[in-house]
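Q: This is structure18.txt (compact mmCIF, C-alpha atoms).
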# COMPACT_ATOMS: atom_id res chain seq x y z
CA MET A 1 74.57 80.70 83.19
CA THR A 2 77.00 82.20 85.57
CA ARG A 3 79.53 84.71 84.51
CA GLY A 4 83.17 84.03 85.25
CA ARG A 5 84.75 86.57 87.54
CA ARG A 6 87.75 88.43 86.28
CA ARG A 7 90.84 87.59 88.23
CA GLY A 8 93.75 89.91 88.73
CA PRO A 9 97.34 88.88 88.22
CA ARG A 10 98.88 86.69 90.85
CA ARG A 11 101.53 88.35 92.97
CA GLY A 12 103.54 85.16 93.32
CA ARG A 13 103.56 84.50 89.59
CA GLY A 14 104.54 88.10 88.87
CA ARG A 15 107.48 87.80 91.21
CA ALA A 16 108.59 84.54 89.64
CA ASP A 17 108.39 86.06 86.15
CA ALA A 18 110.37 89.08 87.29
CA GLY A 19 113.02 86.88 88.89
CA GLY A 20 113.33 84.73 85.77
CA GLY A 21 113.84 87.75 83.56
CA VAL A 22 116.72 89.41 85.41
CA PRO A 23 119.18 90.81 82.87
CA LEU A 24 122.62 89.24 83.07
CA PRO A 25 124.39 92.66 83.31
CA LEU A 26 122.40 93.25 86.52
CA LEU A 27 122.50 89.72 87.92
CA VAL A 28 126.29 89.32 87.83
CA PRO A 29 127.12 92.56 89.72
CA ALA A 30 124.34 91.79 92.20
CA LEU A 31 125.80 88.37 92.95
CA LEU A 32 129.30 89.84 93.22
CA GLY A 33 127.99 92.40 95.71
CA LEU A 34 126.33 89.66 97.74
CA VAL A 35 129.53 87.60 97.78
CA PHE A 36 131.55 90.66 98.74
CA LEU A 37 129.33 91.28 101.78
CA VAL A 38 128.85 87.67 102.88
CA LEU A 39 132.33 86.23 102.27
CA PRO A 40 134.09 87.98 105.21
CA LEU A 41 131.34 86.87 107.59
CA ALA A 42 131.53 83.31 106.31
CA ALA A 43 135.31 83.38 106.69
CA LEU A 44 134.88 84.48 110.30
CA LEU A 45 132.67 81.47 110.96
CA VAL A 46 135.08 79.11 109.19
CA ARG A 47 138.08 80.34 111.17
CA THR A 48 136.32 80.32 114.53
CA PRO A 49 138.05 77.95 116.98
CA TRP A 50 134.83 76.17 117.96
CA GLN A 51 136.48 73.61 120.24
CA GLY A 52 138.30 76.20 122.31
CA LEU A 53 135.52 78.78 122.11
CA PRO A 54 134.10 78.17 125.62
CA ASP A 55 137.53 78.61 127.21
CA LEU A 56 138.21 81.78 125.21
CA LEU A 57 134.87 83.36 126.08
CA THR A 58 135.18 82.54 129.79
CA SER A 59 138.69 83.93 130.19
CA THR A 60 139.08 86.83 132.61
CA GLU A 61 140.07 89.38 129.97
CA VAL A 62 137.26 88.51 127.62
CA TRP A 63 134.68 88.40 130.41
CA GLN A 64 135.78 91.82 131.69
CA ALA A 65 135.50 93.31 128.22
CA LEU A 66 132.10 91.70 127.66
CA GLN A 67 130.72 92.84 130.99
CA LEU A 68 132.04 96.37 130.56
CA SER A 69 130.62 96.55 127.04
CA LEU A 70 127.15 95.48 128.14
CA VAL A 71 127.09 97.89 131.07
CA CYS A 72 128.42 100.87 129.11
CA ALA A 73 126.19 100.23 126.07
CA THR A 74 123.13 100.01 128.33
CA ALA A 75 124.09 103.20 130.19
CA ALA A 76 124.75 105.02 126.91
CA THR A 77 121.34 103.93 125.61
CA ALA A 78 119.69 105.21 128.80
CA VAL A 79 121.40 108.58 128.31
CA ALA A 80 120.26 108.63 124.69
CA LEU A 81 116.67 107.89 125.73
CA VAL A 82 116.57 110.62 128.35
CA VAL A 83 117.79 113.39 126.04
CA GLY A 84 117.17 111.89 122.60
CA VAL A 85 113.41 111.31 122.80
CA PRO A 86 112.67 114.95 123.76
CA LEU A 87 115.04 116.10 121.02
CA ALA A 88 113.24 113.95 118.47
CA TRP A 89 109.89 115.37 119.64
CA LEU A 90 111.26 118.90 119.27
CA LEU A 91 112.38 118.22 115.70
CA ALA A 92 109.12 116.53 114.73
CA ARG A 93 106.52 118.68 116.44
CA VAL A 94 107.90 122.21 116.88
CA GLU A 95 108.41 124.68 114.05
CA PHE A 96 111.37 126.98 114.69
CA ARG A 97 113.97 128.82 112.67
CA GLY A 98 117.05 126.75 111.96
CA ARG A 99 115.36 123.38 112.51
CA GLY A 100 117.07 121.96 109.43
CA LEU A 101 120.46 123.02 110.78
CA VAL A 102 119.71 121.45 114.15
CA ARG A 103 118.68 118.20 112.48
CA ALA A 104 121.90 118.21 110.46
CA LEU A 105 123.97 118.72 113.61
CA VAL A 106 122.11 115.91 115.37
CA THR A 107 122.78 113.47 112.54
CA LEU A 108 126.38 114.59 112.04
CA PRO A 109 127.87 111.82 114.25
CA LEU A 110 126.45 109.30 111.76
CA VAL A 111 128.87 110.44 109.06
CA LEU A 112 131.62 111.88 111.25
CA PRO A 113 134.67 109.61 111.53
CA PRO A 114 134.55 108.15 115.04
CA VAL A 115 138.14 109.17 115.76
CA VAL A 116 137.24 112.75 114.93
CA GLY A 117 134.31 112.44 117.30
CA GLY A 118 136.70 111.28 120.01
CA VAL A 119 139.00 114.23 119.40
CA ALA A 120 136.01 116.59 119.52
CA LEU A 121 134.96 115.08 122.85
CA LEU A 122 138.47 115.60 124.19
CA MET A 123 138.39 119.25 123.12
CA ALA A 124 135.02 119.71 124.79
CA LEU A 125 135.15 117.48 127.88
CA GLY A 126 138.85 116.85 128.39
CA ARG A 127 140.67 118.09 131.46
CA ASN A 128 141.58 121.27 129.55
CA GLY A 129 138.51 121.23 127.32
CA VAL A 130 135.99 123.98 126.79
CA VAL A 131 133.60 122.46 129.34
CA GLY A 132 135.82 119.81 130.90
CA LYS A 133 138.08 122.29 132.68
CA TRP A 134 135.08 123.71 134.55
CA LEU A 135 133.80 120.23 135.40
CA ASP A 136 137.21 119.47 136.88
CA ALA A 137 137.54 122.79 138.72
CA TRP A 138 134.02 123.01 140.13
CA PHE A 139 133.00 119.39 140.66
CA GLY A 140 136.25 117.42 140.42
CA VAL A 141 134.79 115.41 137.52
CA THR A 142 137.20 114.01 134.93
CA LEU A 143 135.66 112.07 132.05
CA PRO A 144 138.51 111.10 129.69
CA PHE A 145 140.08 107.67 130.25
CA THR A 146 137.36 106.59 132.67
CA THR A 147 134.39 104.24 132.44
CA ALA A 148 132.10 107.27 132.41
CA GLY A 149 134.08 108.50 129.41
CA VAL A 150 133.24 105.25 127.60
CA VAL A 151 129.54 105.90 128.22
CA VAL A 152 129.84 109.48 126.95
CA ALA A 153 131.68 108.40 123.79
CA GLU A 154 129.17 105.65 123.05
CA ALA A 155 126.19 107.92 123.69
CA PHE A 156 127.65 110.53 121.33
CA VAL A 157 127.84 108.15 118.38
CA ALA A 158 124.68 106.12 119.17
CA MET A 159 122.11 108.78 120.02
CA PRO A 160 121.49 109.90 116.38
CA PHE A 161 120.12 106.41 115.62
CA LEU A 162 117.55 106.84 118.37
CA VAL A 163 116.65 110.40 117.37
CA ILE A 164 116.13 109.50 113.71
CA SER A 165 113.97 106.48 114.57
CA VAL A 166 111.80 108.34 117.06
CA GLU A 167 111.45 111.42 114.86
CA GLY A 168 110.28 109.27 111.96
CA THR A 169 107.75 107.54 114.20
CA LEU A 170 106.49 110.88 115.49
CA ARG A 171 106.02 112.22 111.99
CA ALA A 172 104.02 109.12 111.07
CA ALA A 173 101.84 109.36 114.19
CA ASP A 174 98.55 111.24 113.90
CA PRO A 175 98.86 114.55 115.83
CA ARG A 176 95.08 114.77 116.23
CA TYR A 177 95.27 112.57 119.32
CA GLU A 178 97.49 115.15 120.98
CA GLU A 179 95.17 117.93 119.86
CA ALA A 180 92.20 116.07 121.32
CA ALA A 181 94.03 115.70 124.64
CA ALA A 182 94.78 119.44 124.61
CA THR A 183 91.09 120.28 124.08
CA LEU A 184 90.29 118.21 127.17
CA GLY A 185 92.59 120.38 129.24
CA ALA A 186 95.80 118.36 129.17
CA SER A 187 99.06 120.28 129.05
CA ARG A 188 101.47 119.65 126.21
CA PHE A 189 103.75 117.60 128.45
CA THR A 190 100.81 115.57 129.80
CA ALA A 191 99.64 114.89 126.25
CA PHE A 192 103.13 113.74 125.35
CA ARG A 193 103.40 111.50 128.40
CA ARG A 194 99.88 110.04 128.32
CA VAL A 195 99.11 110.00 124.58
CA THR A 196 102.14 110.45 122.34
CA LEU A 197 104.64 108.29 124.18
CA PRO A 198 102.43 105.15 124.19
CA LEU A 199 101.73 105.68 120.48
CA ILE A 200 105.41 105.88 119.55
CA ALA A 201 106.61 103.21 121.98
CA PRO A 202 107.49 100.72 119.19
CA GLY A 203 109.60 103.35 117.44
CA VAL A 204 111.31 104.27 120.70
CA ALA A 205 112.06 100.61 121.38
CA ALA A 206 113.45 100.11 117.88
CA GLY A 207 115.63 103.21 118.16
CA ALA A 208 116.86 102.14 121.58
CA VAL A 209 117.89 98.72 120.28
CA LEU A 210 119.71 100.29 117.32
CA ALA A 211 121.45 102.76 119.63
CA TRP A 212 122.43 99.96 122.00
CA ALA A 213 123.89 97.88 119.18
CA ARG A 214 125.80 100.89 117.85
CA ALA A 215 127.14 101.67 121.31
CA LEU A 216 128.20 98.07 121.81
CA GLY A 217 130.29 98.16 118.63
CA GLU A 218 131.81 101.61 119.08
CA PHE A 219 135.60 101.73 118.71
CA GLY A 220 137.12 104.95 117.36
CA ALA A 221 135.60 107.55 119.68
CA THR A 222 136.03 105.23 122.67
CA ILE A 223 139.73 104.55 122.23
CA THR A 224 140.41 108.23 121.51
CA PHE A 225 138.41 109.68 124.38
CA ALA A 226 138.50 106.90 126.98
CA GLY A 227 141.63 104.93 126.12
CA ASN A 228 142.15 101.18 126.29
CA PHE A 229 142.58 100.13 129.90
CA PRO A 230 141.56 96.53 130.76
CA GLY A 231 138.75 96.37 133.28
CA ARG A 232 138.09 100.11 133.10
CA THR A 233 137.70 101.28 129.50
CA GLN A 234 138.49 98.23 127.36
CA THR A 235 135.24 97.28 125.66
CA MET A 236 134.80 94.33 123.31
CA PRO A 237 135.80 96.14 120.08
CA LEU A 238 138.95 97.40 121.81
CA ALA A 239 139.64 93.90 123.13
CA VAL A 240 139.29 92.54 119.59
CA TYR A 241 141.82 95.08 118.34
CA LEU A 242 144.27 94.26 121.12
CA ALA A 243 143.81 90.48 120.88
CA LEU A 244 144.35 90.53 117.12
CA GLN A 245 147.96 91.51 117.73
CA SER A 246 148.75 88.78 120.26
CA ASP A 247 145.95 86.17 120.29
CA PRO A 248 144.08 85.96 116.96
CA GLU A 249 141.84 83.14 118.19
CA ALA A 250 140.54 85.31 121.03
CA ALA A 251 139.97 88.12 118.52
CA VAL A 252 137.92 85.80 116.34
CA ALA A 253 135.89 84.61 119.34
CA LEU A 254 135.09 88.16 120.43
CA SER A 255 134.23 89.11 116.86
CA LEU A 256 131.84 86.18 116.71
CA VAL A 257 130.04 87.45 119.80
CA LEU A 258 129.64 90.90 118.26
CA LEU A 259 128.45 89.33 115.02
CA ALA A 260 125.85 87.29 116.89
CA VAL A 261 124.58 90.41 118.66
CA SER A 262 124.31 92.29 115.35
CA VAL A 263 122.38 89.45 113.72
CA ALA A 264 120.04 89.25 116.71
CA VAL A 265 119.36 93.00 116.52
CA LEU A 266 118.63 92.90 112.80
CA ALA A 267 116.40 89.86 113.22
CA GLY A 268 114.47 91.55 116.00
CA LEU A 269 113.97 94.72 113.95
CA ARG A 270 113.22 92.97 110.67
CA ASP A 271 109.56 93.99 110.62
CA ARG A 272 110.49 97.64 111.07
CA TRP A 273 113.10 98.05 108.33
CA MET A 274 111.95 95.52 105.74
CA THR A 275 108.72 95.57 103.79
CA ALA A 276 106.34 92.70 104.29
CA SER A 277 107.02 89.78 102.01
Take the structure in the file and give it back as structure tokens.

A:
Amino acid sequence: MTRGRRRGPRRGRGRADAGGGVPLPLLVPALLGLVFLVLPLAALLVRTPWQGLPDLLTSTEVWQALQLSLVCATAATAVALVVGVPLAWLLARVEFRGRGLVRALVTLPLVLPPVVGGVALLMALGRNGVVGKWLDAWFGVTLPFTTAGVVVAEAFVAMPFLVISVEGTLRAADPRYEEAAATLGASRFTAFRRVTLPLIAPGVAAGAVLAWARALGEFGATITFAGNFPGRTQTMPLAVYLALQSDPEAAVALSLVLLAVSVAVLAGLRDRWMTAS
């Protein structure tokens, strides 16, 4: 006579039971919150001029804004990678006094109003800024109201996303691999380049995509520091703002493009920010 094996509870059934027993005082606010978040996006899709969408997206003004946005967001992400990955490594691997303060300063642009960030950039890098006046006097470099200024503004607001992502990946990575490389005679930089960087490559890629998406949608710091000049500093968010005053259909079309990019980014990063189902 064989003994029956004890079976544990089914995960699927447990989830179904939990879903069927949701208290009404929790279900109603949850549904209201979902409607509140989804309704504006649905309204954007409903009001999109689908028949005239190809003509709107291929117009000269829209194409210039789209092209400038893609170029500047990519350049800003490259800047963030060059300086942000070493900064994340410093925060994750090196013990030093004031590390908490440095981390707070690095993440400050996440909560700082973008317009305030633009004003701060003007005070620092403007023609009469703390550093900008020397850039102008010594090298003849002027950043405000230029395409380079757009890149600087976007990198300022986007880099914290990269740093946070990479730092978290570094903290999760096993440091014993780096220690093993050091015992074999590798320098700390060689261990980082040959061992650590390949290990954290997925986290770097995820942070870069988040930074790129944030840079693509930047508005406040860009218009404050770089202005809104078509073909030179007018990115897609600025074009949406300008078109909303004169051509609402073009504003909706541009907004739809930004929405599609955001959805694509979230879909691509789903496995990194959502738990497995």

Q: Quote the spacing between CA of Asp55 (chain A) and CA of Ala250 (chain A) in Å to one decimal place.

A: 9.6 Å

Q: Give the answer as one residue: which of A:Thr224, A:Thr169, A:Thr147, A:Thr190 has the shortest atom-to-atom distance to Ser69 (chain A), using only C-alpha atoms?

A: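 Checking each candidate against Ser69 (chain A), we get A:Thr147 as the closest.
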
Q: In Å, how far is it from CA of Phe161 (chain A) to CA of Leu254 (chain A)?

A: 24.1 Å

Q: Gly231 (chain A): which residues within 10 Å, counting all atoms listed in the file, same-chain residues fewer than 2 positions away excluded, as a VMD selection string?

A: chain A and resid 60 to 68 147 228 to 229 233 to 235

Q: Counting all atoms listed in the file, which of A:Leu56, A:Ala215, A:Leu210, A:Gly118 gets nearest to Val257 (chain A)?

A: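 Ranked by minimum distance to Val257 (chain A), first place goes to A:Leu56.
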
Q: Go ahead and find all residues with at least one atom no further than 12 Å from (113.5, 101.1, 123.4) in the file's coordinates, using only C-alpha atoms; report them as JSON, numbers by chain.

A: {"A": [74, 77, 78, 79, 80, 81, 82, 84, 85, 161, 162, 163, 165, 166, 197, 198, 200, 201, 202, 203, 204, 205, 206, 207, 208, 209, 210, 211, 212, 213, 269]}

Q: Give one line per residue of region 56-87 of chain A that approaches region 150-153 of chain A to at most 7 Å, naming the two atoms of the closest pair and their distance in Å to one decimal, counting only C-alpha atoms; sort by chain then ascending residue number and deliver it as a Markdown table.

A:
| residue | atom | partner | partner_atom | distance |
| --- | --- | --- | --- | --- |
| A:Cys72 | CA | A:Val151 | CA | 5.2 |
| A:Ala73 | CA | A:Val151 | CA | 6.9 |
| A:Ala75 | CA | A:Val151 | CA | 6.4 |
| A:Ala76 | CA | A:Val151 | CA | 5.0 |

Q: Output C-alpha atoms for every residue in that selection, as a short mmCIF file (atom, residue, chain, number, x, y, z; two decimals), in the frame of the given file.

A:
data_model
loop_
_atom_site.label_atom_id
_atom_site.label_comp_id
_atom_site.auth_asym_id
_atom_site.auth_seq_id
_atom_site.Cartn_x
_atom_site.Cartn_y
_atom_site.Cartn_z
CA CYS A 72 128.42 100.87 129.11
CA ALA A 73 126.19 100.23 126.07
CA ALA A 75 124.09 103.20 130.19
CA ALA A 76 124.75 105.02 126.91
#

Q: CA of Thr196 (chain A) and CA of Ala180 (chain A), how far apart in Å?

A: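 A separation of 11.5 Å between them.
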
Q: Please identify all polymer residues within 12 Å of Pro175 (chain A), counting only C-alpha atoms, omitting same-chain residues fewer than 3 positions from it, and present them as a ChimeraX atom specification.

A: /A:89,92-94,169-172,178-182,188,191-192,195-197,199-200
